[in-house]
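The block underneath contains the structure these notes are about, expressed in structure tokens.
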Amino acid sequence: MAKSDEEPVETDDAVLLDRWRAGESAAGQRLFGRHFTRVERFFLNKVPTDQVADLVQETFVVCVEGRDRIRDGGRFRAYLLGVAHHVLCGYLRRKYASAKANIDVLEQSAAELSGGPSGVLARHEEQQILLEALRSLSIRYQVVLELHYWEDMRTEGIAEVMGVPPSTARTWLRRARIDLEAAIDKVSSSREAFHSTMTRLDDWAANCLQAAVSKP
């Protein structure tokens with residue numbers, strides 16, 4: 001059988017980024033399509049649902065404008081989430097800092113700032129407990145934990161997204177886990193629900209991720 005002259009489908013972020021930079025708009029569309037749900041999920045549990053689409057669009061616009069500054073295409077995911085984090089911080093400061101003078105909005109919780117339920121659908125009591133607990137933490141710690149549990153990032157990746165040294169990210173992750181356990185205890189309806197959530201925390205976090213991916 002003759003060897004096909006057709007080029008195989010390329011799925012590597014770095015290659016798609018190179019092609020996009022070279023003027024292949026379809027490569028940029030594929031790159032954004034691949035990561036769209038990830039960026040949407042980043043905002044869903046932190047801001048009012050009606051703001052999510054605008055913040056996702058803003059993230060991709062910033063990425064388009066800064067595509068030539070991305071140093072390592074293989075780390076495009078971390079770069080994109082770093083942009084999303086920057087966009088989130090800007091949105092929170094524009095919306096809330098003037099009303100709450102002299103505060104660090106990242107030290108406030110999503111529940112305190114925006115109120116209302118999570119934008120991620122919960123299908124089990126343990127999922128609901130985890131989502132409520134996350135939203136009751138400072139947004140800084142919520143971001144750290146969601147990057148860890150939903151994006152499977154370790155301290156180096158979290159540090160890159162949040163623009164801090166790895167030692168700072170490591171400290172934040174440790175403290176965030178402590179605060180999360182206390183928050184789960186507070187929002188749990190019973191000791192059984194608390195223990196079920198804590199003993200299978202990784203599983204319930206993964207389930208919340210799937211709910212965010214597959215929501216209608």
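Each chain in the structure tokens gets a letter, A, B and so on, in the order shown; residues start at 1 in every chain, and ligands are counted from 1 in the order they appear.
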If we count only C-alpha atoms, what is near region 77-83 of chain A at a cut-off of 9 Å, once residues fewer than 3 positions away on the same chain are taken out, given as a PyMOL selection string?
chain A and resi 13+35+38-39+42+59-60+62-63+70+72-74+86-88+157-158+160-163
Arg177 (chain A) surroundings by only C-alpha atoms, 12 Å radius, close-in-sequence under 2 positions cut, as a VMD selection string
chain A and resid 130 133 to 134 137 to 138 141 to 146 148 to 149 170 to 175 179 to 184 198 201 to 202
Could you write out that same residue set with N, CA, C and O atoms as a compact mmCIF listing (two decimals), in the first residue's frame?
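Final output, again-v9.txt:
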# COMPACT_ATOMS: atom_id res chain seq x y z
N LEU A 130 -18.51 19.81 48.79
CA LEU A 130 -17.20 20.25 48.34
C LEU A 130 -17.28 21.60 47.62
O LEU A 130 -16.46 22.49 47.86
N ALA A 133 -17.93 24.32 50.12
CA ALA A 133 -16.72 24.54 50.92
C ALA A 133 -15.69 25.34 50.14
O ALA A 133 -15.07 26.26 50.67
N LEU A 134 -15.49 24.99 48.88
CA LEU A 134 -14.53 25.73 48.04
C LEU A 134 -14.92 27.19 47.94
O LEU A 134 -14.07 28.08 48.04
N LEU A 137 -13.99 29.47 50.88
CA LEU A 137 -12.58 29.79 51.10
C LEU A 137 -12.25 31.13 50.44
O LEU A 137 -13.00 31.63 49.60
N SER A 138 -11.09 31.67 50.77
CA SER A 138 -10.63 32.83 50.01
C SER A 138 -10.49 32.41 48.55
O SER A 138 -10.19 31.24 48.24
N TYR A 141 -7.21 30.71 47.76
CA TYR A 141 -7.10 29.29 48.11
C TYR A 141 -8.01 28.44 47.24
O TYR A 141 -7.69 27.29 46.92
N GLN A 142 -9.17 28.98 46.86
CA GLN A 142 -10.05 28.24 45.97
C GLN A 142 -9.36 27.96 44.63
O GLN A 142 -9.42 26.85 44.10
N VAL A 143 -8.70 28.98 44.09
CA VAL A 143 -7.98 28.79 42.82
C VAL A 143 -6.89 27.73 42.98
O VAL A 143 -6.75 26.83 42.15
N VAL A 144 -6.13 27.84 44.06
CA VAL A 144 -5.06 26.87 44.31
C VAL A 144 -5.59 25.45 44.34
O VAL A 144 -5.04 24.54 43.68
N LEU A 145 -6.68 25.23 45.06
CA LEU A 145 -7.23 23.88 45.20
C LEU A 145 -7.85 23.37 43.91
O LEU A 145 -7.72 22.19 43.57
N GLU A 146 -8.54 24.24 43.18
CA GLU A 146 -9.14 23.80 41.93
C GLU A 146 -8.06 23.49 40.89
O GLU A 146 -8.20 22.55 40.11
N HIS A 148 -5.19 22.30 41.67
CA HIS A 148 -4.62 21.04 42.15
C HIS A 148 -5.53 19.86 41.84
O HIS A 148 -5.09 18.85 41.28
N TYR A 149 -6.81 19.98 42.20
CA TYR A 149 -7.73 18.85 42.05
C TYR A 149 -8.28 18.71 40.65
O TYR A 149 -8.50 17.59 40.17
N ARG A 170 3.49 26.32 47.38
CA ARG A 170 3.50 25.16 48.28
C ARG A 170 2.85 25.51 49.62
O ARG A 170 2.06 24.73 50.16
N THR A 171 3.18 26.68 50.15
CA THR A 171 2.59 27.13 51.41
C THR A 171 1.09 27.34 51.26
O THR A 171 0.30 26.91 52.12
N TRP A 172 0.68 27.97 50.17
CA TRP A 172 -0.75 28.21 49.93
C TRP A 172 -1.51 26.88 49.83
O TRP A 172 -2.60 26.76 50.38
N LEU A 173 -0.94 25.92 49.12
CA LEU A 173 -1.62 24.63 48.95
C LEU A 173 -1.79 23.93 50.29
O LEU A 173 -2.85 23.37 50.59
N ARG A 174 -0.76 23.97 51.12
CA ARG A 174 -0.84 23.33 52.44
C ARG A 174 -1.91 24.00 53.30
O ARG A 174 -2.74 23.32 53.90
N ARG A 175 -1.91 25.31 53.32
CA ARG A 175 -2.89 26.03 54.14
C ARG A 175 -4.29 25.89 53.56
O ARG A 175 -5.27 25.80 54.32
N ASP A 179 -7.72 24.67 55.45
CA ASP A 179 -8.96 25.46 55.46
C ASP A 179 -10.11 24.70 54.80
O ASP A 179 -11.27 24.83 55.22
N LEU A 180 -9.81 23.92 53.76
CA LEU A 180 -10.86 23.16 53.09
C LEU A 180 -11.48 22.14 54.03
O LEU A 180 -12.70 21.98 54.06
N GLU A 181 -10.65 21.45 54.80
CA GLU A 181 -11.18 20.46 55.73
C GLU A 181 -12.10 21.13 56.75
O GLU A 181 -13.19 20.61 57.04
N ALA A 182 -11.69 22.29 57.24
CA ALA A 182 -12.53 23.01 58.20
C ALA A 182 -13.83 23.46 57.55
O ALA A 182 -14.90 23.40 58.17
N ALA A 183 -13.75 23.89 56.30
CA ALA A 183 -14.95 24.35 55.60
C ALA A 183 -15.90 23.20 55.31
O ALA A 183 -17.13 23.35 55.42
N ILE A 184 -15.36 22.05 54.94
CA ILE A 184 -16.20 20.87 54.71
C ILE A 184 -16.91 20.47 55.99
O ILE A 184 -18.10 20.12 55.98
N MET A 198 -14.49 13.67 53.05
CA MET A 198 -13.05 13.76 53.31
C MET A 198 -12.31 12.49 52.89
O MET A 198 -11.21 12.55 52.34
N LEU A 201 -12.03 12.47 49.04
CA LEU A 201 -11.95 13.84 48.55
C LEU A 201 -11.50 13.90 47.09
O LEU A 201 -12.07 14.63 46.28
N ASP A 202 -10.47 13.13 46.74
CA ASP A 202 -9.98 13.14 45.36
C ASP A 202 -11.07 12.67 44.38
O ASP A 202 -11.23 13.23 43.29
So which bits of region 9-214 of chain A end up helix (DSSP H, G or I) when you DSSP the backbone, as a PyMOL selection string?
chain A and resi 13-21+25-44+49-65+67-69+73-97+105-107+110-114+125-136+139-150+155-162+166-187+191-199+201-214
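Across A:Leu147, A:Leu55, A:Ala26, A:Leu31, the tightest approach to Ala14 (chain A) is made by A:Leu31 when counting only C-alpha atoms.
Taking CA of Cys89 (chain A) and CA of Thr168 (chain A) as endpoints, the distance between them is 17.9 Å.
Of the listed residues A:Ala110, A:Ile103, A:Leu17, A:Ala27, the one whose atoms come nearest to Leu44 (chain A) is A:Ala110, with distances taken using only C-alpha atoms.
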Excluding His124 (chain A) and its own-chain neighbours fewer than 3 positions away, which residues fall within 12 Å of it when counting only C-alpha atoms? Please give them as an MDAnalysis selection string.
chainID A and resid 121 127:131 193 196:197 203:205 207:208 211
Export, as a JSON list (two decimals), in the first residue's frame, the selected residues with all heavy atoms.
[["chain", "number", "residue", "atom", "x", "y", "z"],
["A", 121, "LEU", "N", -22.72, 22.12, 38.45],
["A", 121, "LEU", "CA", -23.84, 21.32, 38.91],
["A", 121, "LEU", "C", -23.37, 20.20, 39.85],
["A", 121, "LEU", "O", -22.42, 19.49, 39.54],
["A", 121, "LEU", "CB", -24.56, 20.70, 37.71],
["A", 121, "LEU", "CG", -25.20, 21.69, 36.73],
["A", 121, "LEU", "CD1", -25.85, 20.92, 35.59],
["A", 121, "LEU", "CD2", -26.21, 22.58, 37.42],
["A", 127, "GLN", "N", -20.58, 16.16, 46.52],
["A", 127, "GLN", "CA", -20.19, 17.18, 45.55],
["A", 127, "GLN", "C", -20.65, 18.55, 46.00],
["A", 127, "GLN", "O", -19.88, 19.53, 45.94],
["A", 127, "GLN", "CB", -20.81, 16.88, 44.18],
["A", 127, "GLN", "CG", -20.17, 15.74, 43.43],
["A", 127, "GLN", "CD", -20.86, 15.52, 42.10],
["A", 127, "GLN", "OE1", -22.08, 15.56, 42.02],
["A", 127, "GLN", "NE2", -20.09, 15.31, 41.06],
["A", 128, "GLN", "N", -21.89, 18.64, 46.45],
["A", 128, "GLN", "CA", -22.43, 19.92, 46.89],
["A", 128, "GLN", "C", -21.65, 20.45, 48.08],
["A", 128, "GLN", "O", -21.34, 21.65, 48.16],
["A", 128, "GLN", "CB", -23.91, 19.77, 47.26],
["A", 128, "GLN", "CG", -24.60, 21.10, 47.59],
["A", 128, "GLN", "CD", -24.64, 22.02, 46.39],
["A", 128, "GLN", "OE1", -24.95, 21.59, 45.29],
["A", 128, "GLN", "NE2", -24.29, 23.28, 46.60],
["A", 129, "ILE", "N", -21.32, 19.55, 49.00],
["A", 129, "ILE", "CA", -20.51, 19.95, 50.16],
["A", 129, "ILE", "C", -19.17, 20.52, 49.71],
["A", 129, "ILE", "O", -18.74, 21.59, 50.18],
["A", 129, "ILE", "CB", -20.30, 18.76, 51.11],
["A", 129, "ILE", "CG1", -21.61, 18.40, 51.81],
["A", 129, "ILE", "CG2", -19.20, 19.05, 52.13],
["A", 129, "ILE", "CD1", -21.54, 17.09, 52.58],
["A", 130, "LEU", "N", -18.51, 19.81, 48.79],
["A", 130, "LEU", "CA", -17.20, 20.25, 48.34],
["A", 130, "LEU", "C", -17.28, 21.60, 47.62],
["A", 130, "LEU", "O", -16.46, 22.49, 47.86],
["A", 130, "LEU", "CB", -16.60, 19.19, 47.41],
["A", 130, "LEU", "CG", -15.22, 19.51, 46.80],
["A", 130, "LEU", "CD1", -14.21, 19.84, 47.89],
["A", 130, "LEU", "CD2", -14.74, 18.35, 45.95],
["A", 131, "LEU", "N", -18.28, 21.77, 46.76],
["A", 131, "LEU", "CA", -18.41, 23.02, 46.02],
["A", 131, "LEU", "C", -18.71, 24.19, 46.96],
["A", 131, "LEU", "O", -18.14, 25.28, 46.81],
["A", 131, "LEU", "CB", -19.51, 22.90, 44.97],
["A", 131, "LEU", "CG", -19.19, 21.97, 43.79],
["A", 131, "LEU", "CD1", -20.44, 21.76, 42.94],
["A", 131, "LEU", "CD2", -18.05, 22.53, 42.95],
["A", 193, "ALA", "N", -21.66, 12.59, 56.41],
["A", 193, "ALA", "CA", -21.40, 13.32, 55.16],
["A", 193, "ALA", "C", -19.99, 13.90, 55.17],
["A", 193, "ALA", "O", -19.29, 13.88, 54.15],
["A", 193, "ALA", "CB", -22.43, 14.42, 54.96],
["A", 196, "SER", "N", -17.53, 10.98, 54.64],
["A", 196, "SER", "CA", -17.63, 10.48, 53.26],
["A", 196, "SER", "C", -16.93, 11.42, 52.30],
["A", 196, "SER", "O", -16.22, 10.99, 51.37],
["A", 196, "SER", "CB", -19.10, 10.33, 52.86],
["A", 196, "SER", "OG", -19.22, 9.96, 51.51],
["A", 197, "THR", "N", -17.10, 12.73, 52.50],
["A", 197, "THR", "CA", -16.47, 13.71, 51.63],
["A", 197, "THR", "C", -14.96, 13.70, 51.81],
["A", 197, "THR", "O", -14.19, 13.72, 50.82],
["A", 197, "THR", "CB", -17.02, 15.13, 51.91],
["A", 197, "THR", "OG1", -18.44, 15.11, 51.80],
["A", 197, "THR", "CG2", -16.45, 16.13, 50.91],
["A", 203, "ASP", "N", -11.82, 11.65, 44.79],
["A", 203, "ASP", "CA", -12.89, 11.13, 43.93],
["A", 203, "ASP", "C", -13.99, 12.16, 43.74],
["A", 203, "ASP", "O", -14.48, 12.37, 42.62],
["A", 203, "ASP", "CB", -13.49, 9.86, 44.52],
["A", 203, "ASP", "CG", -12.53, 8.68, 44.48],
["A", 203, "ASP", "OD1", -11.57, 8.73, 43.68],
["A", 203, "ASP", "OD2", -12.73, 7.73, 45.25],
["A", 204, "TRP", "N", -14.40, 12.81, 44.83],
["A", 204, "TRP", "CA", -15.48, 13.79, 44.71],
["A", 204, "TRP", "C", -15.01, 15.01, 43.93],
["A", 204, "TRP", "O", -15.80, 15.61, 43.18],
["A", 204, "TRP", "CB", -15.98, 14.19, 46.10],
["A", 204, "TRP", "CG", -16.73, 13.09, 46.77],
["A", 204, "TRP", "CD1", -16.43, 12.50, 47.97],
["A", 204, "TRP", "CD2", -17.90, 12.41, 46.29],
["A", 204, "TRP", "NE1", -17.32, 11.50, 48.25],
["A", 204, "TRP", "CE2", -18.25, 11.42, 47.24],
["A", 204, "TRP", "CE3", -18.68, 12.54, 45.14],
["A", 204, "TRP", "CZ2", -19.33, 10.57, 47.09],
["A", 204, "TRP", "CZ3", -19.78, 11.69, 44.98],
["A", 204, "TRP", "CH2", -20.09, 10.73, 45.95],
["A", 205, "ALA", "N", -13.75, 15.38, 44.08],
["A", 205, "ALA", "CA", -13.22, 16.50, 43.28],
["A", 205, "ALA", "C", -13.26, 16.14, 41.79],
["A", 205, "ALA", "O", -13.63, 16.98, 40.95],
["A", 205, "ALA", "CB", -11.79, 16.82, 43.72],
["A", 207, "ASN", "N", -15.31, 14.04, 40.40],
["A", 207, "ASN", "CA", -16.71, 14.05, 40.02],
["A", 207, "ASN", "C", -17.22, 15.45, 39.75],
["A", 207, "ASN", "O", -18.01, 15.69, 38.84],
["A", 207, "ASN", "CB", -17.57, 13.38, 41.10],
["A", 207, "ASN", "CG", -17.39, 11.88, 41.14],
["A", 207, "ASN", "OD1", -17.01, 11.27, 40.15],
["A", 207, "ASN", "ND2", -17.64, 11.29, 42.29],
["A", 208, "CYS", "N", -16.78, 16.42, 40.57],
["A", 208, "CYS", "CA", -17.14, 17.80, 40.33],
["A", 208, "CYS", "C", -16.57, 18.29, 39.01],
["A", 208, "CYS", "O", -17.23, 19.03, 38.27],
["A", 208, "CYS", "CB", -16.63, 18.69, 41.47],
["A", 208, "CYS", "SG", -17.54, 18.52, 43.01],
["A", 211, "ALA", "N", -18.74, 16.98, 36.31],
["A", 211, "ALA", "CA", -20.00, 17.71, 36.27],
["A", 211, "ALA", "C", -19.81, 19.04, 35.56],
["A", 211, "ALA", "O", -20.67, 19.48, 34.78],
["A", 211, "ALA", "CB", -20.51, 17.95, 37.69]]
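Rounded to one decimal, CA of Lys46 (chain A) and CA of Ala169 (chain A) lie 19.5 Å from each other.
Within 8 Å of Ser109 (chain A), once only C-alpha atoms are used and residues closer than 3 positions along the same chain are dropped, the contacting residues are A:Leu106, A:Glu112, A:Leu113, A:Arg135, A:Ser136, A:Leu137, A:Ser138, A:Ile139.
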Please, could you write that set of residues out with C-alpha atoms as a PDB file, in the first residue's frame?
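New file again12.pdb:
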ATOM      1  CA  LEU A 106      -8.453  37.560  46.654  1.00  0.00           C
ATOM      2  CA  GLU A 112     -19.010  36.631  50.159  1.00  0.00           C
ATOM      3  CA  LEU A 113     -18.426  38.600  46.976  1.00  0.00           C
ATOM      4  CA  ARG A 135     -16.665  28.837  47.569  1.00  0.00           C
ATOM      5  CA  SER A 136     -16.392  29.635  51.260  1.00  0.00           C
ATOM      6  CA  LEU A 137     -12.582  29.795  51.104  1.00  0.00           C
ATOM      7  CA  SER A 138     -10.626  32.825  50.011  1.00  0.00           C
ATOM      8  CA  ILE A 139     -10.616  33.023  46.218  1.00  0.00           C
TER       9      ILE A 139
END
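Here CA of Ala53 (chain A) is placed at a distance of 18.2 Å from CA of Arg93 (chain A).
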